[in-house]
Amino acid sequence: MEQPAPPTTTLHELVLAVSSTHATGALLNLHTGHAVKSFRQCTAAPGAVTALSGDRPHFAIVQKNGGFFRFYDADGNAGEKKAHVPEKLSALAASHSGGAGARLVAAGSESGKVYLWDLASGALLNVVDAHFQAVTAVAFSADDMVIATASADAGVKVFEIASLADATTPTTPLHSLAAHTLPVTALHFTSSPSHTARLLTCSADHAVKIHDVATGTLLATYLLPSPARCLATDPLDSALYAGADDGNIYTHPLTSPPTAVTAVRRTFARLGSKVTALAVSRAGGHVVAGTNAGVVVVLDAATGTRMRDARPFADGAPVSALLPWIVADGVKAEMPVVARLERARASGDAPAVVLPPPSVGEDGEGWMVSADPMAAFGDAMRAVLEAAEARE
C-alpha cells in the first residue's frame, strides 16, 4: 500500500518595515513585495525597533516621543509596557538567548542613560550613566555576553552583560571607544562569539570603523563619500554593507586583512534617495534597504540587482527600521478590505451599515480617538467584515 506523502512545509521570507512618522508598520513578503500583515500604532525612530524572536514576527518598539515599549506578535496583537523612567527613550535592543526568545531588553535614553530590564518579569535590573548625550543605538553580541551603546556624543561603550545586570556593584565599561568625531548613527556585531567578534560602527563623520570586541582595538577605518546611517553584514560576515545619505549602498569585503584607513568607493546599489534602514535576509540571498522616500528595495545579494520595490506607507513616510524573518508556512495574510466586502455582498446577506454619532475621547491606552466620521465608518465596516467571516 502506497504511503501518503509527508506534509511539506513552505518557508517564507518576510521583512518588517517601520516608519518614524507613519502610524502603521507593515510586514512584507520579500518575494512579492506585498504586505501580509499590518501593525497599528507602530511608529519608531531609527534604532528603536528590536526583534524578540528569530523564528516568528515578534518584536518591540520604543514608541516615538514616549517612555514606554509596545510589543507585537505575528497575529498583529499589540501590548504595551510602561517603562517607569522619568525621561524619553531613544534606542532599544533585545538579547538573542532563550529558545522562547529574548530574555533581556536594553534601552538608551535622551540623557545618555542605559536601562536594562528582565523581559519575563519586567524588573529593572540596572541604570548606567553611559553617555553625555542621547543614546542613538544599542546592540547585543550574538552570544549575549556583551552589549554596545552609541551616542550623539560620538562615543561607543561596550559593557559585559554580567556586570551591567548587577546593580549591587559599580558598572564600568569593558571598553570606551572614542573612534568617531561626530554622532554615531549605527552599531552592528558580527555573528561570531564575543571573544572573536567584531563591532562595526558608523557615524556622520563619513567613517565606518571595525573594532575587536575582546580587546577594544581599532582594526580598520573605511571612509565613505557620504555619511552612513545604517550597517549590515551577510550571514557569513564576509561582506559589509553601509547605507549612506547620498542614496548609495557601499560594500567592502570583510575577509581581506584589515588596513588602517581605506577609502571605500565600491557601490553595491544606487537607490536615488537617502538610505535610512538596511538588513540582509535570513537566508542571505537578499539585501533589503529602506529610504527616506518611503521605498523598501529588495536587492540580489550576489549582484546588487534591484529585484523589486515596495511602498508600504501610503504617504511615502521614511523607512526607519527593517527586521527580517523566515517563517514556516508564512503569516496569515489579511484579505484586502475590498475583496472581503465583495465576498460579503455576493453572499446576499451583508447587513446594512448604520453609522453611530461621532465621539471624542480616550481609549484604554490613553490614545485619542478621532472624531472624524470615517473612524465610526471603519468600526461599522469591521463589524460587517467580522460577521461575514463568521459565516464562512
# chains A, B, ... in the order shown; residues from 1 in each chain; ligands from 1
$ select_by_dssp --residues "range 213-314 of chain A" --states "strand (DSSP E or B)" --output "VMD selection string"
chain A and resid 218 to 223 228 to 233 239 to 244 248 to 253 261 to 263 267 to 270 275 to 280 286 to 291 296 to 300 306 to 310
$ residues_around --residues "range 237-252 of chain A" --least-positions-apart "3" --cutoff "8 Å" --atoms "only C-alpha atoms" --output "mmCIF file with N, CA and C atoms, in the first residue's frame"
data_model
loop_
_atom_site.group_PDB
_atom_site.id
_atom_site.type_symbol
_atom_site.label_atom_id
_atom_site.label_comp_id
_atom_site.auth_asym_id
_atom_site.auth_seq_id
_atom_site.Cartn_x
_atom_site.Cartn_y
_atom_site.Cartn_z
ATOM 1 N N THR A 190 29.274 41.363 14.454
ATOM 2 C CA THR A 190 29.327 40.187 13.600
ATOM 3 C C THR A 190 28.756 39.007 14.381
ATOM 4 N N SER A 191 28.517 37.888 13.674
ATOM 5 C CA SER A 191 27.744 36.792 14.257
ATOM 6 C C SER A 191 28.552 35.812 15.094
ATOM 7 N N LEU A 224 33.792 56.741 3.650
ATOM 8 C CA LEU A 224 32.793 56.760 2.591
ATOM 9 C C LEU A 224 32.650 58.160 2.021
ATOM 10 N N SER A 226 29.961 59.716 1.740
ATOM 11 C CA SER A 226 28.815 60.361 2.370
ATOM 12 C C SER A 226 28.596 59.737 3.741
ATOM 13 N N PRO A 227 27.970 60.444 4.672
ATOM 14 C CA PRO A 227 27.704 59.859 5.988
ATOM 15 C C PRO A 227 26.856 58.601 5.889
ATOM 16 N N ALA A 228 27.211 57.577 6.671
ATOM 17 C CA ALA A 228 26.455 56.327 6.708
ATOM 18 C C ALA A 228 25.442 56.377 7.846
ATOM 19 N N ARG A 229 24.251 55.818 7.592
ATOM 20 C CA ARG A 229 23.179 55.813 8.583
ATOM 21 C C ARG A 229 22.836 54.421 9.085
ATOM 22 N N CYS A 230 23.237 53.381 8.348
ATOM 23 C CA CYS A 230 22.857 52.025 8.723
ATOM 24 C C CYS A 230 23.898 51.038 8.211
ATOM 25 N N LEU A 231 23.999 49.898 8.913
ATOM 26 C CA LEU A 231 25.002 48.887 8.614
ATOM 27 C C LEU A 231 24.374 47.505 8.586
ATOM 28 N N ALA A 232 24.986 46.610 7.808
ATOM 29 C CA ALA A 232 24.588 45.207 7.799
ATOM 30 C C ALA A 232 25.749 44.381 7.282
ATOM 31 N N THR A 233 25.745 43.098 7.637
ATOM 32 C CA THR A 233 26.694 42.139 7.071
ATOM 33 C C THR A 233 25.913 40.919 6.615
ATOM 34 N N ASP A 234 26.507 40.142 5.702
ATOM 35 C CA ASP A 234 25.854 38.916 5.263
ATOM 36 C C ASP A 234 25.976 37.865 6.366
ATOM 37 N N THR A 255 36.665 39.835 4.523
ATOM 38 C CA THR A 255 37.583 38.705 4.565
ATOM 39 C C THR A 255 39.025 39.108 4.300
ATOM 40 N N VAL A 264 36.495 53.709 0.697
ATOM 41 C CA VAL A 264 35.566 52.769 0.064
ATOM 42 C C VAL A 264 34.772 53.512 -1.005
ATOM 43 N N ARG A 265 34.880 53.043 -2.242
ATOM 44 C CA ARG A 265 34.151 53.660 -3.342
ATOM 45 C C ARG A 265 33.293 52.649 -4.092
ATOM 46 N N ARG A 266 33.357 51.386 -3.702
ATOM 47 C CA ARG A 266 32.591 50.365 -4.413
ATOM 48 C C ARG A 266 31.116 50.497 -4.046
ATOM 49 N N THR A 267 30.291 50.777 -5.041
ATOM 50 C CA THR A 267 28.860 50.963 -4.826
ATOM 51 C C THR A 267 28.130 49.658 -5.106
ATOM 52 N N PHE A 268 27.418 49.169 -4.115
ATOM 53 C CA PHE A 268 26.632 47.947 -4.272
ATOM 54 C C PHE A 268 25.333 48.237 -5.015
ATOM 55 N N ALA A 269 24.703 49.383 -4.683
ATOM 56 C CA ALA A 269 23.450 49.767 -5.348
ATOM 57 C C ALA A 269 23.254 51.268 -5.220
ATOM 58 N N ARG A 270 22.622 51.856 -6.226
ATOM 59 C CA ARG A 270 22.279 53.276 -6.209
ATOM 60 C C ARG A 270 20.755 53.386 -6.134
ATOM 61 N N LEU A 271 20.257 53.932 -5.027
ATOM 62 C CA LEU A 271 18.817 53.966 -4.813
ATOM 63 C C LEU A 271 18.195 55.323 -5.107
ATOM 64 N N GLY A 272 18.980 56.383 -5.153
ATOM 65 C CA GLY A 272 18.462 57.688 -5.510
ATOM 66 C C GLY A 272 17.889 58.494 -4.366
ATOM 67 N N SER A 273 17.695 57.884 -3.199
ATOM 68 C CA SER A 273 17.209 58.586 -2.008
ATOM 69 C C SER A 273 18.026 58.137 -0.815
ATOM 70 N N LYS A 274 18.097 58.987 0.203
ATOM 71 C CA LYS A 274 18.880 58.677 1.396
ATOM 72 C C LYS A 274 18.494 57.293 1.939
ATOM 73 N N VAL A 275 19.496 56.463 2.190
ATOM 74 C CA VAL A 275 19.261 55.119 2.727
ATOM 75 C C VAL A 275 19.149 55.228 4.243
ATOM 76 N N THR A 276 17.975 54.872 4.773
ATOM 77 C CA THR A 276 17.696 55.069 6.186
ATOM 78 C C THR A 276 17.618 53.774 6.978
ATOM 79 N N ALA A 277 17.544 52.634 6.313
ATOM 80 C CA ALA A 277 17.473 51.341 7.004
ATOM 81 C C ALA A 277 18.052 50.272 6.095
ATOM 82 N N LEU A 278 18.629 49.237 6.702
ATOM 83 C CA LEU A 278 19.325 48.215 5.936
ATOM 84 C C LEU A 278 19.231 46.887 6.672
ATOM 85 N N ALA A 289 16.769 47.366 1.661
ATOM 86 C CA ALA A 289 17.072 48.739 2.057
ATOM 87 C C ALA A 289 15.795 49.550 2.128
ATOM 88 N N THR A 291 14.362 53.697 2.345
ATOM 89 C CA THR A 291 14.800 55.048 2.019
ATOM 90 C C THR A 291 13.923 56.087 2.699
#
$ atom_distance --atom1 "CA of Thr221 in chain A" --atom2 "CA of Ala152 in chain A"
19.2 Å
$ closest_residue --among "A:Ser20, A:Ser281, A:Ser203, A:Thr196" --to "Val327 in chain A" --atoms "only C-alpha atoms"
A:Ser281
$ atom_distance --atom1 "CA of His206 in chain A" --atom2 "CA of Ser111 in chain A"
24.7 Å
$ residues_around --residues "Phe59 in chain A" --least-positions-apart "3" --cutoff "7 Å" --atoms "only C-alpha atoms" --output "VMD selection string"
chain A and resid 50 to 52 71 to 73
$ closest_residue --among "A:Trp325, A:Tyr222, A:Phe313, A:Phe69" --to "His180 in chain A" --atoms "only C-alpha atoms"
A:Tyr222
$ atom_distance --atom1 "CA of Val298 in chain A" --atom2 "CA of His286 in chain A"
6.5 Å
$ closest_residue --among "A:Val114, A:Ala106, A:Ala17, A:Leu11" --to "Leu322 in chain A" --atoms "only C-alpha atoms"
A:Ala17
$ select_by_dssp --residues "range 107-338 of chain A" --states "helix (DSSP H, G or I)" --output "PyMOL selection string"
chain A and resi 161-164+337-338
$ residues_around --residues "Lys64 in chain A" --least-positions-apart "4" --cutoff "7 Å" --atoms "only C-alpha atoms" --output "MDAnalysis selection string"
chainID A and resid 43:45
$ write_last_selection --atoms "N, CA, C and O atoms" --output "PDB file, in the first residue's frame"
ATOM      1  N   THR A  43       5.044  53.248  15.390  1.00  0.00           N
ATOM      2  CA  THR A  43       5.880  54.343  14.900  1.00  0.00           C
ATOM      3  C   THR A  43       7.135  54.412  15.754  1.00  0.00           C
ATOM      4  O   THR A  43       7.032  54.480  16.981  1.00  0.00           O
ATOM      5  N   ALA A  44       8.292  54.385  15.136  1.00  0.00           N
ATOM      6  CA  ALA A  44       9.531  54.377  15.915  1.00  0.00           C
ATOM      7  C   ALA A  44      10.654  55.033  15.133  1.00  0.00           C
ATOM      8  O   ALA A  44      10.689  54.984  13.901  1.00  0.00           O
ATOM      9  N   ALA A  45      11.570  55.635  15.865  1.00  0.00           N
ATOM     10  CA  ALA A  45      12.741  56.268  15.273  1.00  0.00           C
ATOM     11  C   ALA A  45      13.784  55.207  14.918  1.00  0.00           C
ATOM     12  O   ALA A  45      13.708  54.060  15.383  1.00  0.00           O
TER      13      ALA A  45
END
$ residues_around --residues "Leu164 in chain A" --least-positions-apart "6" --cutoff "12 Å" --atoms "only C-alpha atoms" --output "VMD selection string"
chain A and resid 104 to 106 114 to 118 124 to 130 144 to 148 157 to 158 170 to 174
$ residues_around --residues "Leu223 in chain A" --least-positions-apart "3" --cutoff "8 Å" --atoms "only C-alpha atoms" --output "MDAnalysis selection string"
chainID A and resid 206:208 261:264
$ residues_around --residues "Thr24 in chain A" --least-positions-apart "5" --cutoff "9 Å" --atoms "only C-alpha atoms" --output "PyMOL selection string"
chain A and resi 18-19+38-43+313
